[in-house]
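Written below as structure tokens is the structure these notes are about.
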Amino acid sequence: MKKGLLIIYSGPSGVGKSTILAEVLKNEDLNLAFSVSMTTRSPREGEQNGVDYFFVSKEEFEEAIKNDEFLEHAQYVENYYGTPRAYVEKMRENGKNVILEIDVQGGIQVIEKCPDAVSIFICPPSIEELRKRLTGRGTEKEEVVNKRVDQAQREIMTSKIYKYHVVNEVVEDSVNTVVNILKNEMGA
Ligand code: 5GP
């Protein structure tokens, strides 16, 4: 069986990447598996353990680092996030195209380790628009929004290493663009 693709999918917080991805994941032709990350951040309302993330303590996360369980891991704003390696490997061996929704620090680590990975970066139309979306979401305090905007500016600068860049103006168009990128890569 052909090994599945490894797909790195990134973009600044608030850019709409989860909304786009939720639609992309519905497309069964793409044969995708979503890699559930581990994080030390607290769950947001509606988030489920084992579905959105594996929510763990800092001690548990550090133990997993020590045991070399991560394909990549990074500190983002004030929390740790990491991709458990075992699931990714198992699903790819089963022919699934595994998608990692991770930040740019993690994306760079994976691109360096796996040069054949497909990397997609979702960009905001502008930084002002991103701030508006983050504030409108209302899930983070102003101070955290500011940190996420600063982080976004750094991420956009380092995103040049990604193979594909999709500017998210209209969600439906971005979904189609991502689907087409993946279809092309699957045929390649
Ligand atoms: P959030 O707290 O909004 O869910 O995620 C914050 C950032 O961390 C997002 O850019 C998200 O893509 C990223 N992220 C989520 N999981 C991982 C992971 O396993 N590794 C890395 N490096 N970043 C992650």
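To be explicit about the labels: the chains of the structure tokens are called A, B, and onward in the order shown, and within each one the residues are counted from 1, while ligands get numbers from 1 in the order they are shown.
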Within 10 Å of ligand 1, which residues show up when you count only C-alpha atoms and all ligand atoms? List them as a PyMOL selection string, please.
chain A and resi 8-15+17-18+35-44+47+52-54+70-84+100-110+139-140+148+151-152+155
For the strand (DSSP E) assignment from backbone DSSP, which residues of segment 14-187 of chain A qualify? Please present them as number ranges by chain.
A: 32-34, 37-39, 53-55, 70-76, 79-84, 97-101, 118-123, 164-167
For Leu182 of chain A, the nearest of the candidates A:Val118, A:Glu69, A:Ile20, A:Phe55, counting only C-alpha atoms
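Closest to Leu182 of chain A, using only C-alpha atoms: A:Val118.
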Residues at most 6 Å from segment 158-174 of chain A, counting only C-alpha atoms, excluding those fewer than 5 positions away in the same chain, as a list in words?
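Skipping anything fewer than 5 positions along the chain leaves Ser119, Ile120, Phe121, Ile122, Cys123 and Pro124 of chain A.
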May I have the residues from that selection written out with N, CA and C atoms, as a compact mmCIF listing (two decimals), in the first residue's frame?
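Writing done, so here's result-v6.txt:
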```txt
# COMPACT_ATOMS: atom_id res chain seq x y z
N SER A 119 3.19 21.31 2.61
CA SER A 119 2.96 22.36 3.60
C SER A 119 2.05 23.46 3.05
N ILE A 120 1.03 23.77 3.83
CA ILE A 120 0.04 24.78 3.42
C ILE A 120 -0.07 25.83 4.53
N PHE A 121 0.03 27.10 4.16
CA PHE A 121 -0.09 28.19 5.13
C PHE A 121 -1.30 29.05 4.77
N ILE A 122 -2.21 29.24 5.73
CA ILE A 122 -3.39 30.09 5.50
C ILE A 122 -3.07 31.50 6.00
N CYS A 123 -3.20 32.50 5.13
CA CYS A 123 -2.86 33.88 5.49
C CYS A 123 -4.13 34.71 5.68
N PRO A 124 -4.08 35.71 6.57
CA PRO A 124 -5.21 36.65 6.67
C PRO A 124 -5.10 37.67 5.54
```
Nearest to Glu185 of chain A: which of A:Asp116, A:Ala33, A:Val88, A:Glu45 is it, counting only C-alpha atoms?
A:Asp116
May I ask for the distance between atom CA of Leu6 of chain A and atom CA of Ala86 of chain A, given in Å to one decimal place?
13.3 Å
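Rounded to one decimal, atom CA of Ile99 of chain A and atom CA of Leu25 of chain A lie 9.4 Å from each other.
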Backbone-only DSSP, alpha helix (DSSP H) members of segment 11-184 of chain A, as a PyMOL selection string:
chain A and resi 17-25+58-66+85-93+104-113+127-137+142-158+171-184
Within 8 Å of Glu23 of chain A, counting only C-alpha atoms, which residues qualify if same-chain residues fewer than 4 places away don't, as a PyMOL selection string?
chain A and resi 19+27+175
Deliver the residues from the most recent selection as a file, using all heavy atoms, as a PDB file, in the first residue's frame.
```pdb
ATOM      1  N   THR A  19     -12.001  26.495  10.606  1.00  0.00           N
ATOM      2  CA  THR A  19     -13.266  26.512   9.853  1.00  0.00           C
ATOM      3  C   THR A  19     -13.053  25.897   8.472  1.00  0.00           C
ATOM      4  O   THR A  19     -13.845  25.078   8.009  1.00  0.00           O
ATOM      5  CB  THR A  19     -13.757  27.977   9.690  1.00  0.00           C
ATOM      6  OG1 THR A  19     -13.732  28.592  10.967  1.00  0.00           O
ATOM      7  CG2 THR A  19     -15.150  28.054   9.110  1.00  0.00           C
ATOM      8  N   ASN A  27     -14.502  15.971   2.981  1.00  0.00           N
ATOM      9  CA  ASN A  27     -14.314  15.438   1.627  1.00  0.00           C
ATOM     10  C   ASN A  27     -13.667  14.049   1.697  1.00  0.00           C
ATOM     11  O   ASN A  27     -12.465  13.920   1.933  1.00  0.00           O
ATOM     12  CB  ASN A  27     -13.438  16.410   0.829  1.00  0.00           C
ATOM     13  CG  ASN A  27     -13.363  16.036  -0.626  1.00  0.00           C
ATOM     14  OD1 ASN A  27     -13.279  14.863  -0.974  1.00  0.00           O
ATOM     15  ND2 ASN A  27     -13.408  17.040  -1.485  1.00  0.00           N
ATOM     16  N   VAL A 175     -11.564  26.796   0.970  1.00  0.00           N
ATOM     17  CA  VAL A 175     -11.806  25.347   1.065  1.00  0.00           C
ATOM     18  C   VAL A 175     -11.506  24.708  -0.289  1.00  0.00           C
ATOM     19  O   VAL A 175     -10.767  23.716  -0.380  1.00  0.00           O
ATOM     20  CB  VAL A 175     -13.270  25.042   1.489  1.00  0.00           C
ATOM     21  CG1 VAL A 175     -13.578  23.550   1.397  1.00  0.00           C
ATOM     22  CG2 VAL A 175     -13.532  25.557   2.903  1.00  0.00           C
TER      23      VAL A 175
END
```
Point out the residue among A:Lys147, A:Arg92, A:Lys113, A:Lys132 with the least atom-to-atom distance to Phe34 of chain A, counting only C-alpha atoms.
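The answer is A:Arg92, which sits nearest to Phe34 of chain A.
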Point out the residue among A:Gly16, A:Asn176, A:Asp68, A:Met91 with the least atom-to-atom distance to Leu130 of chain A, counting only C-alpha atoms.
A:Gly16
What separation in Å, quoted to one decimal, exists between atom CA of Asn94 of chain A and atom CA of Met1 of chain A?
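Atom CA of Asn94 of chain A sits 7.5 Å away from atom CA of Met1 of chain A.
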